[in-house]
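**Student:** So I've got this file, query30.txt, and it contains compact mmCIF, C-alpha atoms:
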# COMPACT_ATOMS: atom_id res chain seq x y z
CA MET Z 1 -52.63 -216.79 -60.50
CA LYS Z 2 -52.77 -220.38 -59.50
CA LYS Z 3 -51.84 -222.73 -62.28
CA ARG Z 4 -54.16 -225.51 -63.38
CA ASP Z 5 -53.91 -228.28 -65.88
CA SER Z 6 -56.46 -227.31 -68.53
CA GLY Z 7 -55.81 -230.05 -71.02
CA ARG Z 8 -53.46 -232.92 -71.69
CA GLY Z 9 -51.02 -230.59 -73.48
CA ASN Z 10 -51.00 -227.93 -70.74
CA ARG Z 11 -48.47 -228.87 -68.09
CA VAL Z 12 -48.81 -227.67 -64.55
CA GLY Z 13 -46.56 -224.66 -63.96
CA LEU Z 14 -43.07 -224.95 -62.57
CA SER Z 15 -42.36 -224.72 -58.88
CA SER Z 16 -40.41 -221.67 -57.75
CA LEU Z 17 -37.23 -223.73 -57.51
CA GLY Z 18 -37.84 -225.26 -60.93
CA PHE Z 19 -38.46 -221.86 -62.49
CA THR Z 20 -35.31 -220.42 -60.94
CA THR Z 21 -33.29 -223.39 -62.19
CA VAL Z 22 -34.64 -223.04 -65.74
CA LEU Z 23 -33.97 -219.29 -65.66
CA ILE Z 24 -30.36 -219.81 -64.60
CA VAL Z 25 -29.84 -222.49 -67.25
CA LEU Z 26 -31.24 -220.24 -69.98
CA LEU Z 27 -29.12 -217.29 -68.81
CA ALA Z 28 -26.03 -219.50 -68.96
CA LEU Z 29 -27.04 -220.75 -72.40
CA LEU Z 30 -27.53 -217.14 -73.56
CA VAL Z 31 -24.03 -216.16 -72.41
CA PHE Z 32 -22.60 -219.24 -74.11
CA SER Z 33 -24.52 -218.42 -77.31
CA ILE Z 34 -23.13 -214.88 -77.37
CA LEU Z 35 -19.55 -216.02 -76.85
CA ALA Z 36 -19.81 -218.94 -79.27
CA SER Z 37 -21.63 -217.12 -82.07
CA ILE Z 38 -18.94 -214.45 -82.51
CA THR Z 39 -16.53 -217.16 -83.62
CA PHE Z 40 -18.63 -217.91 -86.71
CA GLY Z 41 -18.38 -216.01 -89.97
CA ASN Z 42 -16.86 -215.93 -93.43
CA ALA Z 43 -13.63 -214.35 -92.18
CA ASP Z 44 -11.16 -217.06 -91.19
CA LEU Z 45 -10.29 -216.09 -87.61
CA SER Z 46 -9.01 -218.31 -84.84
CA VAL Z 47 -10.89 -218.62 -81.56
CA LYS Z 48 -7.86 -217.15 -79.78
CA GLU Z 49 -7.92 -214.04 -81.96
CA VAL Z 50 -11.65 -213.55 -81.44
CA TYR Z 51 -11.53 -213.78 -77.67
CA SER Z 52 -8.37 -211.70 -77.47
CA VAL Z 53 -10.24 -208.82 -79.09
CA VAL Z 54 -13.24 -209.31 -76.80
CA ALA Z 55 -11.03 -209.53 -73.70
CA TYR Z 56 -9.25 -206.31 -74.61
CA GLU Z 57 -12.39 -204.35 -75.43
CA LEU Z 58 -14.36 -205.51 -72.38
CA PHE Z 59 -11.62 -205.54 -69.76
CA HIS Z 60 -8.76 -203.57 -71.39
CA ILE Z 61 -6.25 -206.26 -70.50
CA ARG Z 62 -2.85 -204.95 -71.50
CA LYS Z 63 -1.74 -208.43 -72.54
CA PHE Z 64 -4.10 -208.26 -75.53
CA SER Z 65 -3.28 -204.69 -76.58
CA ASP Z 66 -2.01 -205.97 -79.95
CA PHE Z 67 -5.68 -206.59 -80.80
CA ALA Z 68 -6.78 -203.03 -80.01
CA GLU Z 69 -6.94 -202.20 -83.72
CA GLY Z 70 -6.52 -203.75 -87.14
CA ALA Z 71 -8.53 -206.03 -89.41
CA VAL Z 72 -9.14 -208.73 -86.81
CA HIS Z 73 -10.33 -206.16 -84.29
CA ASP Z 74 -12.71 -204.58 -86.79
CA VAL Z 75 -14.23 -207.90 -87.87
CA VAL Z 76 -14.84 -209.03 -84.29
CA TRP Z 77 -15.74 -205.82 -82.48
CA ILE Z 78 -17.28 -203.65 -85.19
CA ILE Z 79 -19.03 -206.30 -87.30
CA ARG Z 80 -19.67 -209.52 -85.39
CA PHE Z 81 -20.19 -208.51 -81.78
CA PRO Z 82 -22.78 -205.75 -82.34
CA ARG Z 83 -24.56 -208.10 -84.74
CA VAL Z 84 -24.86 -210.76 -82.03
CA ILE Z 85 -26.15 -208.25 -79.47
CA LEU Z 86 -28.61 -206.91 -82.05
CA ALA Z 87 -29.88 -210.46 -82.64
CA LEU Z 88 -30.31 -210.79 -78.87
CA CYS Z 89 -32.32 -207.56 -78.68
CA VAL Z 90 -34.54 -208.28 -81.68
CA GLY Z 91 -35.20 -211.89 -80.66
CA MET Z 92 -36.03 -210.88 -77.10
CA GLY Z 93 -38.24 -207.99 -78.17
CA LEU Z 94 -40.22 -209.97 -80.76
CA ALA Z 95 -40.75 -212.94 -78.43
CA VAL Z 96 -41.96 -210.78 -75.53
CA CYS Z 97 -44.23 -208.72 -77.79
CA GLY Z 98 -45.62 -211.96 -79.22
CA VAL Z 99 -46.59 -213.13 -75.73
CA VAL Z 100 -48.21 -209.78 -74.96
CA MET Z 101 -50.10 -209.54 -78.26
CA GLN Z 102 -51.48 -213.05 -77.85
CA ALA Z 103 -52.78 -212.13 -74.39
CA VAL Z 104 -54.11 -208.69 -75.40
CA VAL Z 105 -56.15 -209.96 -78.35
CA LYS Z 106 -56.72 -213.37 -76.72
CA ASN Z 107 -55.67 -215.15 -79.87
CA PRO Z 108 -52.92 -217.82 -79.92
CA LEU Z 109 -52.25 -217.03 -83.59
CA ALA Z 110 -51.39 -213.38 -82.91
CA ASP Z 111 -47.82 -212.19 -83.41
CA PRO Z 112 -46.01 -208.87 -82.88
CA TYR Z 113 -47.23 -207.66 -86.27
CA VAL Z 114 -50.94 -208.19 -85.49
CA LEU Z 115 -51.60 -204.42 -85.52
CA GLY Z 116 -50.40 -204.13 -89.10
CA ILE Z 117 -46.95 -203.07 -87.92
CA SER Z 118 -45.24 -205.17 -90.59
CA SER Z 119 -47.23 -203.64 -93.42
CA GLY Z 120 -46.84 -200.15 -91.98
CA ALA Z 121 -43.09 -200.61 -91.69
CA SER Z 122 -42.89 -201.92 -95.25
CA LEU Z 123 -44.89 -198.94 -96.49
CA GLY Z 124 -42.59 -196.55 -94.66
CA ALA Z 125 -39.50 -198.24 -96.09
CA THR Z 126 -41.04 -198.23 -99.57
CA ILE Z 127 -41.73 -194.50 -99.41
CA GLY Z 128 -38.22 -193.87 -98.11
CA VAL Z 129 -36.56 -195.84 -100.90
CA LEU Z 130 -38.76 -194.81 -103.83
CA PHE Z 131 -39.34 -191.15 -103.08
CA GLY Z 132 -36.34 -190.27 -100.94
CA PHE Z 133 -38.40 -189.19 -97.94
CA GLY Z 134 -36.38 -189.30 -94.76
CA ALA Z 135 -33.16 -188.44 -96.60
CA LEU Z 136 -32.26 -186.09 -93.76
CA PHE Z 137 -31.69 -189.17 -91.60
CA GLY Z 138 -28.77 -190.16 -93.83
CA ALA Z 139 -27.75 -193.82 -93.93
CA ASN Z 140 -30.55 -194.68 -91.47
CA SER Z 141 -33.29 -193.18 -93.65
CA VAL Z 142 -34.95 -196.48 -94.59
CA GLY Z 143 -34.93 -197.77 -91.04
CA VAL Z 144 -36.27 -194.51 -89.62
CA MET Z 145 -39.04 -194.34 -92.23
CA ALA Z 146 -39.94 -197.95 -91.43
CA PHE Z 147 -40.09 -197.09 -87.73
CA LEU Z 148 -42.36 -194.11 -88.42
CA GLY Z 149 -44.57 -196.27 -90.64
CA ALA Z 150 -44.84 -198.95 -87.97
CA MET Z 151 -45.71 -196.49 -85.22
CA GLY Z 152 -48.15 -194.55 -87.41
CA THR Z 153 -49.95 -197.75 -88.35
CA SER Z 154 -50.19 -198.85 -84.72
CA PHE Z 155 -51.76 -195.59 -83.58
CA LEU Z 156 -54.16 -195.65 -86.54
CA VAL Z 157 -55.31 -199.17 -85.61
CA LEU Z 158 -55.84 -198.12 -81.99
CA PHE Z 159 -57.81 -195.08 -83.14
CA ILE Z 160 -60.04 -197.12 -85.45
CA ALA Z 161 -60.60 -199.82 -82.81
CA ASN Z 162 -61.85 -197.18 -80.35
CA ILE Z 163 -64.33 -195.62 -82.78
CA GLY Z 164 -67.92 -196.23 -81.74
CA GLY Z 165 -66.99 -197.46 -78.30
CA ARG Z 166 -64.17 -199.02 -76.39
CA SER Z 167 -61.73 -201.26 -78.19
CA ASN Z 168 -61.71 -204.96 -77.48
CA ALA Z 169 -59.74 -207.95 -78.71
CA GLY Z 170 -61.96 -208.56 -81.73
CA LYS Z 171 -62.02 -204.92 -82.87
CA LEU Z 172 -58.22 -204.68 -82.59
CA ILE Z 173 -57.70 -207.72 -84.81
CA LEU Z 174 -60.19 -206.53 -87.43
CA ALA Z 175 -58.74 -203.00 -87.45
CA GLY Z 176 -55.23 -204.42 -87.75
CA MET Z 177 -56.23 -206.60 -90.72
CA ALA Z 178 -57.94 -203.69 -92.48
CA VAL Z 179 -55.08 -201.22 -92.01
CA SER Z 180 -52.53 -203.87 -92.95
CA SER Z 181 -54.35 -204.54 -96.24
CA VAL Z 182 -54.50 -200.84 -97.06
CA CYS Z 183 -50.79 -200.33 -96.32
CA SER Z 184 -49.85 -203.32 -98.47
CA ALA Z 185 -51.99 -202.05 -101.33
CA ILE Z 186 -50.51 -198.54 -101.19
CA GLY Z 187 -46.97 -199.92 -101.02
CA ASN Z 188 -47.51 -202.25 -103.98
CA PHE Z 189 -49.13 -199.45 -105.97
CA ALA Z 190 -46.13 -197.18 -105.32
CA ILE Z 191 -43.73 -199.91 -106.47
CA TYR Z 192 -45.83 -200.48 -109.60
CA ILE Z 193 -46.04 -196.86 -110.74
CA VAL Z 194 -42.38 -196.03 -110.02
CA ASN Z 195 -41.12 -199.21 -111.73
CA ASN Z 196 -37.57 -198.92 -110.36
CA LYS Z 197 -35.98 -202.39 -110.35
CA ASN Z 198 -33.05 -201.38 -108.13
CA ALA Z 199 -35.33 -199.76 -105.57
CA THR Z 200 -37.66 -202.76 -105.67
CA SER Z 201 -34.76 -205.12 -104.99
CA GLU Z 202 -33.67 -202.97 -102.03
CA ILE Z 203 -37.20 -203.00 -100.61
CA MET Z 204 -37.51 -206.76 -101.06
CA PHE Z 205 -34.18 -207.38 -99.31
CA TRP Z 206 -35.18 -205.11 -96.44
CA THR Z 207 -38.55 -206.82 -95.94
CA MET Z 208 -36.75 -210.17 -95.68
CA GLY Z 209 -34.95 -208.96 -92.56
CA SER Z 210 -31.23 -208.67 -91.98
CA LEU Z 211 -28.84 -208.03 -89.11
CA ALA Z 212 -25.99 -207.07 -91.43
CA GLY Z 213 -26.43 -203.38 -90.68
CA ALA Z 214 -25.74 -203.85 -86.97
CA LYS Z 215 -23.84 -201.00 -85.36
CA TRP Z 216 -23.12 -200.17 -81.75
CA GLN Z 217 -25.20 -196.99 -82.13
CA ARG Z 218 -28.28 -199.02 -83.07
CA VAL Z 219 -27.65 -201.51 -80.31
CA GLY Z 220 -27.29 -198.65 -77.85
CA VAL Z 221 -30.77 -197.43 -78.81
CA LEU Z 222 -32.53 -200.80 -79.05
CA LEU Z 223 -31.07 -202.55 -75.98
CA PRO Z 224 -32.53 -200.22 -73.31
CA VAL Z 225 -35.89 -200.07 -75.11
CA VAL Z 226 -36.20 -203.87 -75.19
CA PHE Z 227 -34.83 -204.39 -71.69
CA ILE Z 228 -37.07 -201.78 -70.05
CA GLY Z 229 -40.10 -202.93 -72.07
CA THR Z 230 -39.52 -206.54 -71.00
CA LEU Z 231 -39.28 -205.56 -67.33
CA ILE Z 232 -42.49 -203.52 -67.60
CA PHE Z 233 -44.40 -206.42 -69.16
CA TRP Z 234 -42.97 -208.83 -66.59
CA SER Z 235 -44.34 -206.60 -63.82
CA GLN Z 236 -47.78 -206.69 -65.50
CA PHE Z 237 -48.18 -210.47 -65.40
CA ARG Z 238 -51.43 -210.30 -63.39
CA ASN Z 239 -53.17 -208.15 -65.99
CA LEU Z 240 -51.83 -210.32 -68.82
CA ASN Z 241 -53.20 -213.42 -67.08
CA LEU Z 242 -56.58 -211.71 -66.64
CA MET Z 243 -56.71 -210.78 -70.33
CA LEU Z 244 -56.77 -214.46 -71.22
CA LEU Z 245 -60.01 -214.78 -69.24
CA GLY Z 246 -61.70 -212.02 -71.27
CA ASP Z 247 -63.06 -208.57 -70.47
CA GLU Z 248 -66.29 -209.74 -68.85
CA ALA Z 249 -64.49 -212.05 -66.47
CA SER Z 250 -61.91 -209.41 -65.58
CA ILE Z 251 -64.63 -206.82 -64.83
CA THR Z 252 -66.39 -209.26 -62.49
CA LEU Z 253 -63.04 -209.58 -60.71
CA GLY Z 254 -62.88 -205.81 -60.30
CA THR Z 255 -60.37 -204.99 -63.05
CA ASP Z 256 -61.08 -202.98 -66.20
CA LEU Z 257 -58.43 -203.87 -68.75
CA HIS Z 258 -59.33 -201.32 -71.45
CA ARG Z 259 -56.66 -198.78 -70.52
CA ALA Z 260 -54.06 -201.48 -69.86
CA ARG Z 261 -54.75 -203.04 -73.26
CA ASN Z 262 -54.13 -199.76 -75.07
CA LEU Z 263 -50.95 -199.06 -73.10
CA TYR Z 264 -49.61 -202.55 -73.78
CA MET Z 265 -50.34 -202.12 -77.47
CA ILE Z 266 -48.48 -198.82 -77.60
CA LEU Z 267 -45.45 -200.18 -75.72
CA SER Z 268 -45.39 -203.32 -77.88
CA SER Z 269 -45.61 -201.22 -81.03
CA LEU Z 270 -42.71 -199.10 -79.79
CA MET Z 271 -40.54 -202.17 -79.16
CA VAL Z 272 -41.42 -203.78 -82.49
CA GLY Z 273 -40.97 -200.47 -84.29
CA PHE Z 274 -37.41 -200.19 -83.00
CA ALA Z 275 -36.75 -203.83 -83.94
CA VAL Z 276 -38.03 -203.12 -87.46
CA TYR Z 277 -35.83 -200.01 -87.63
CA ALA Z 278 -32.76 -202.07 -86.74
CA ALA Z 279 -33.35 -205.33 -88.63
CA GLY Z 280 -36.33 -205.12 -90.98
CA THR Z 281 -39.30 -207.45 -90.59
CA ILE Z 282 -38.58 -210.89 -89.14
CA GLY Z 283 -41.58 -213.17 -88.79
CA PHE Z 284 -42.38 -216.26 -86.72
CA VAL Z 285 -40.13 -215.43 -83.74
CA GLY Z 286 -43.01 -213.80 -81.89
CA LEU Z 287 -45.32 -216.64 -82.86
CA ILE Z 288 -43.46 -219.90 -82.32
CA VAL Z 289 -41.36 -218.97 -79.28
CA PRO Z 290 -44.36 -218.15 -77.03
CA HIS Z 291 -46.12 -221.32 -78.20
CA ALA Z 292 -43.11 -223.52 -77.50
CA VAL Z 293 -42.45 -222.01 -74.08
CA ARG Z 294 -46.14 -222.05 -73.13
CA MET Z 295 -46.46 -225.73 -74.02
CA ILE Z 296 -43.52 -226.68 -71.83
CA PHE Z 297 -43.81 -224.32 -68.89
CA GLY Z 298 -47.48 -223.32 -68.71
CA THR Z 299 -49.44 -220.12 -69.29
CA ASP Z 300 -48.60 -217.99 -66.24
CA HIS Z 301 -47.09 -214.74 -67.57
CA ARG Z 302 -45.04 -214.28 -64.42
CA ARG Z 303 -42.81 -217.02 -65.80
CA LEU Z 304 -43.79 -216.93 -69.45
CA VAL Z 305 -42.47 -213.39 -70.12
CA PRO Z 306 -38.86 -213.85 -68.88
CA LEU Z 307 -38.56 -217.35 -70.33
CA CYS Z 308 -39.77 -216.20 -73.75
CA ALA Z 309 -37.35 -213.27 -73.62
CA LEU Z 310 -34.37 -215.59 -73.10
CA VAL Z 311 -35.52 -218.28 -75.56
CA GLY Z 312 -36.25 -215.66 -78.24
CA ALA Z 313 -32.80 -214.13 -77.83
CA ILE Z 314 -31.04 -217.50 -78.00
CA PHE Z 315 -33.10 -218.61 -81.00
CA LEU Z 316 -32.37 -215.54 -83.10
CA ILE Z 317 -28.65 -215.54 -82.22
CA TRP Z 318 -28.26 -219.06 -83.63
CA ALA Z 319 -30.56 -218.31 -86.57
CA ASP Z 320 -28.20 -215.46 -87.46
CA VAL Z 321 -25.23 -217.81 -87.18
CA GLY Z 322 -26.96 -220.06 -89.70
CA CYS Z 323 -27.46 -217.11 -92.06
CA ARG Z 324 -23.74 -216.37 -91.94
CA VAL Z 325 -22.44 -219.90 -92.54
CA ILE Z 326 -24.98 -221.62 -94.80
CA LEU Z 327 -23.89 -219.72 -97.92
CA LYS Z 328 -20.16 -219.39 -98.47
CA ASN Z 329 -18.98 -215.80 -99.00
CA SER Z 330 -22.58 -214.64 -98.84
CA GLU Z 331 -25.43 -214.18 -96.38
CA MET Z 332 -28.98 -215.47 -96.31
CA PRO Z 333 -31.63 -212.94 -95.19
CA ILE Z 334 -32.59 -213.96 -91.67
CA GLY Z 335 -36.29 -213.63 -92.37
CA ILE Z 336 -36.06 -216.45 -94.92
CA LEU Z 337 -34.22 -218.81 -92.58
CA VAL Z 338 -36.51 -218.08 -89.63
CA SER Z 339 -39.56 -218.76 -91.80
CA ILE Z 340 -38.05 -222.01 -93.08
CA ILE Z 341 -37.47 -223.10 -89.48
CA GLY Z 342 -40.55 -221.50 -87.96
CA ALA Z 343 -43.34 -222.70 -90.24
CA PRO Z 344 -42.66 -226.45 -89.84
CA CYS Z 345 -42.03 -226.02 -86.11
CA PHE Z 346 -45.30 -224.19 -85.69
CA ILE Z 347 -47.21 -226.86 -87.61
CA TYR Z 348 -45.54 -229.56 -85.50
CA LEU Z 349 -46.41 -227.83 -82.24
CA MET Z 350 -50.04 -227.47 -83.27
CA VAL Z 351 -50.41 -231.04 -84.53
CA ARG Z 352 -48.38 -232.62 -81.73
CA ARG Z 353 -50.64 -231.49 -78.92
CA SER Z 354 -53.24 -229.00 -77.81
CA TYR Z 355 -52.81 -226.93 -74.69
CA GLY Z 356 -54.63 -224.48 -72.45
CA PHE Z 357 -54.08 -220.97 -73.69
CA GLY Z 358 -55.30 -219.74 -70.32
CA GLY Z 359 -58.95 -219.38 -69.41
CA GLY Z 360 -59.75 -222.14 -71.93
CA ARG Z 361 -58.37 -224.39 -74.60
CA GLY Z 362 -56.28 -222.78 -77.33
Using structure tokens, write down the structure from this file.
**Tutor:**
Amino acid sequence: MKKRDSGRGNRVGLSSLGFTTVLIVLLALLVFSILASITFGNADLSVKEVYSVVAYELFHIRKFSDFAEGAVHDVVWIIRFPRVILALCVGMGLAVCGVVMQAVVKNPLADPYVLGISSGASLGATIGVLFGFGALFGANSVGVMAFLGAMGTSFLVLFIANIGGRSNAGKLILAGMAVSSVCSAIGNFAIYIVNNKNATSEIMFWTMGSLAGAKWQRVGVLLPVVFIGTLIFWSQFRNLNLMLLGDEASITLGTDLHRARNLYMILSSLMVGFAVYAAGTIGFVGLIVPHAVRMIFGTDHRRLVPLCALVGAIFLIWADVGCRVILKNSEMPIGILVSIIGAPCFIYLMVRRSYGFGGGRG
């Protein structure tokens, strides 16, 4: 779609050369962030030791074979590196899903949890912790139950939104709010009647979000889901642009977006569900990253989707670094730090300027 300046805060889109340049810069910054972030942590390791482990594991350079095992190897390769890649995956997934959700429901305040996914995940985790459901999944029981709760909630919202006729942006938001309230009420009621302080503390910590449980197995599951999902949404930029114009306008242009909207919701729910499984609920990433990128680079999803993916990954990598270094010999839940950063940034972006959300002012 051809870009237009629809307000003093909406900049005209980048040229092809400008977009390519920004993309290359962000890719370089992402690689730098990955390599730099693994040097931070409570364990006192030298930069040489860190990169010796990475060089051996990635390229099997015989010169660094002394770092093939031992405490230094375990800290870098088993704890830090998968954690950084997990932050990349979660940040990318939440940012991309935030862009998609805002287009699907045509609401600039939408985030990846607009379908009640957050409340559904919390309910699933609560049931898993309090009642032991999902115990057959072993150490991953809480995460798996949260994933099932998130996906179940998403499908329930889609079902409710399609009752009495086709779903639309307004019905999806209202159904999401209703289901989210019910899930929160059931979860709080379960916590109240069980009255288990240890279980309550575990649930609270999980809902704050954490990347401390990062493992290569989880990364191996989440990375392809996020990467493939991002590529799919990138290929759908025309439909996403049309969604900002509304259903009536899209139909007059010969495109019925009802089926696409449902498919995008399901794929987004899948991506967010896996992110919740791996890291708990982390807010604001899917809200502030799309806003910031949209304000700078415009509203065309052909460029918005990949740029948000890279910015979201970079943002969460450095947010996780902050969680590891702010408190000595301890770790701050990443959801707390992201909210501390995200809320003021979001307020600033909204007060600083208005911008065209596409089709009209947002």
**Student:** With all atoms listed in the file counted and 10 Å as the cut-off, give the residues of range 102-121 of chain Z in contact with range 81-94 of chain Z, each with its shortest interatomic distance in Å and the pair that gives it, as a tab-separated table.
**Tutor:**
residue	atom	partner	partner_atom	distance
Z:Asp111	CA	Z:Leu94	CA	8.3
Z:Pro112	CA	Z:Leu94	CA	6.3
Z:Tyr113	CA	Z:Leu94	CA	9.2
**Student:** Pick from Z:Gly246, Z:Pro333, Z:Gly286, Z:Gly298: nearest to Gly213 in chain Z, with only C-alpha atoms counted?
**Tutor:**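 Once distances to Gly213 in chain Z are computed over only C-alpha atoms, the minimum belongs to Z:Pro333.
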**Student:** I want to know what sits within 12 Å of Phe64 in chain Z, based on all atoms listed in the file, with residues of the same chain fewer than 2 positions away left out; could you give that as a VMD selection string?
**Tutor:** chain Z and resid 48 to 62 66 to 69 73
**Student:** Filtering to C-alpha atoms, could you give me those residues as a PDB file, in the frame of the given file?
**Tutor:**
ATOM      1  CA  LYS Z  48      -7.860-217.150 -79.780  1.00  0.00           C
ATOM      2  CA  GLU Z  49      -7.920-214.040 -81.960  1.00  0.00           C
ATOM      3  CA  VAL Z  50     -11.650-213.550 -81.440  1.00  0.00           C
ATOM      4  CA  TYR Z  51     -11.530-213.780 -77.670  1.00  0.00           C
ATOM      5  CA  SER Z  52      -8.370-211.700 -77.470  1.00  0.00           C
ATOM      6  CA  VAL Z  53     -10.240-208.820 -79.090  1.00  0.00           C
ATOM      7  CA  VAL Z  54     -13.240-209.310 -76.800  1.00  0.00           C
ATOM      8  CA  ALA Z  55     -11.030-209.530 -73.700  1.00  0.00           C
ATOM      9  CA  TYR Z  56      -9.250-206.310 -74.610  1.00  0.00           C
ATOM     10  CA  GLU Z  57     -12.390-204.350 -75.430  1.00  0.00           C
ATOM     11  CA  LEU Z  58     -14.360-205.510 -72.380  1.00  0.00           C
ATOM     12  CA  PHE Z  59     -11.620-205.540 -69.760  1.00  0.00           C
ATOM     13  CA  HIS Z  60      -8.760-203.570 -71.390  1.00  0.00           C
ATOM     14  CA  ILE Z  61      -6.250-206.260 -70.500  1.00  0.00           C
ATOM     15  CA  ARG Z  62      -2.850-204.950 -71.500  1.00  0.00           C
ATOM     16  CA  ASP Z  66      -2.010-205.970 -79.950  1.00  0.00           C
ATOM     17  CA  PHE Z  67      -5.680-206.590 -80.800  1.00  0.00           C
ATOM     18  CA  ALA Z  68      -6.780-203.030 -80.010  1.00  0.00           C
ATOM     19  CA  GLU Z  69      -6.940-202.200 -83.720  1.00  0.00           C
ATOM     20  CA  HIS Z  73     -10.330-206.160 -84.290  1.00  0.00           C
TER      21      HIS Z  73
END
**Student:** Rounded to one decimal in Å, what is the spacing between CA of Arg166 in chain Z and CA of Leu263 in chain Z?
**Tutor:**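 Going from CA of Arg166 in chain Z over to CA of Leu263 in chain Z, I get 13.6 Å.
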**Student:** Rank Z:Gly342, Z:Asn42, Z:Gly322, Z:Val311 by their smallest atom-to-atom distance to Val25 in chain Z, using only C-alpha atoms, and report the top residue only.
**Tutor:**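 Under the stated criterion, the closest residue is Z:Val311.
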**Student:** Hey, which of Z:Phe237, Z:Phe19, Z:Phe274, Z:Tyr348 ends up closest to Leu223 in chain Z? Count all atoms listed in the file.
**Tutor:**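 Going through Z:Phe237, Z:Phe19, Z:Phe274, Z:Tyr348 one by one, the smallest distance to Leu223 in chain Z is for Z:Phe274.
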**Student:** Within 10 Å of range 127-142 of chain Z, counting all atoms listed in the file, which residues show up once you throw out same-chain ones fewer than 6 positions away? Write them as a list in words, please.
**Tutor:**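 Selected residues are Ala121, Leu148, Gly149, Ile186, Gly187, Ala190, Ile191, Val194, Asn195, Asn196, Asn198, Ala199, Thr200, Glu202, Ile203, Trp206, Gly213, Arg218, Tyr277, Ala278 and Gly280 of chain Z.
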**Student:** Using all atoms listed in the file, which residues sit within 9 Å of Val276 in chain Z once same-chain residues fewer than 4 positions away are excluded, as a list in words?
**Tutor:**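 Close residues of Val276 in chain Z: Val90, Ile117, Ser118, Ala121, Gly143, Ala146, Phe147, Ala150, Gly209, Met271, Val272, Gly280, Thr281 and Ile282 of chain Z.
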**Student:** Let me see the file: selected residues, C-alpha atoms, as a PDB file, in the frame of the given file.
**Tutor:**
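Generated file (out-v5.pdb):
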ATOM      1  CA  VAL Z  90     -34.540-208.280 -81.680  1.00  0.00           C
ATOM      2  CA  ILE Z 117     -46.950-203.070 -87.920  1.00  0.00           C
ATOM      3  CA  SER Z 118     -45.240-205.170 -90.590  1.00  0.00           C
ATOM      4  CA  ALA Z 121     -43.090-200.610 -91.690  1.00  0.00           C
ATOM      5  CA  GLY Z 143     -34.930-197.770 -91.040  1.00  0.00           C
ATOM      6  CA  ALA Z 146     -39.940-197.950 -91.430  1.00  0.00           C
ATOM      7  CA  PHE Z 147     -40.090-197.090 -87.730  1.00  0.00           C
ATOM      8  CA  ALA Z 150     -44.840-198.950 -87.970  1.00  0.00           C
ATOM      9  CA  GLY Z 209     -34.950-208.960 -92.560  1.00  0.00           C
ATOM     10  CA  MET Z 271     -40.540-202.170 -79.160  1.00  0.00           C
ATOM     11  CA  VAL Z 272     -41.420-203.780 -82.490  1.00  0.00           C
ATOM     12  CA  GLY Z 280     -36.330-205.120 -90.980  1.00  0.00           C
ATOM     13  CA  THR Z 281     -39.300-207.450 -90.590  1.00  0.00           C
ATOM     14  CA  ILE Z 282     -38.580-210.890 -89.140  1.00  0.00           C
TER      15      ILE Z 282
END
**Student:** For Ile38 in chain Z, which residue out of Z:Ser119, Z:Leu287, Z:Phe227, Z:Val325 is the nearest one, using only C-alpha atoms?
**Tutor:** Z:Val325
**Student:** Go through Z:Val225, Z:Val72, Z:Leu240, Z:Ile160 one by one, measure the shortest atom-to-atom distance of each to Ser269 in chain Z using all atoms listed in the file, and give the residue with the smallest value.
**Tutor:**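 Checking each candidate against Ser269 in chain Z, we get Z:Val225 as the closest.
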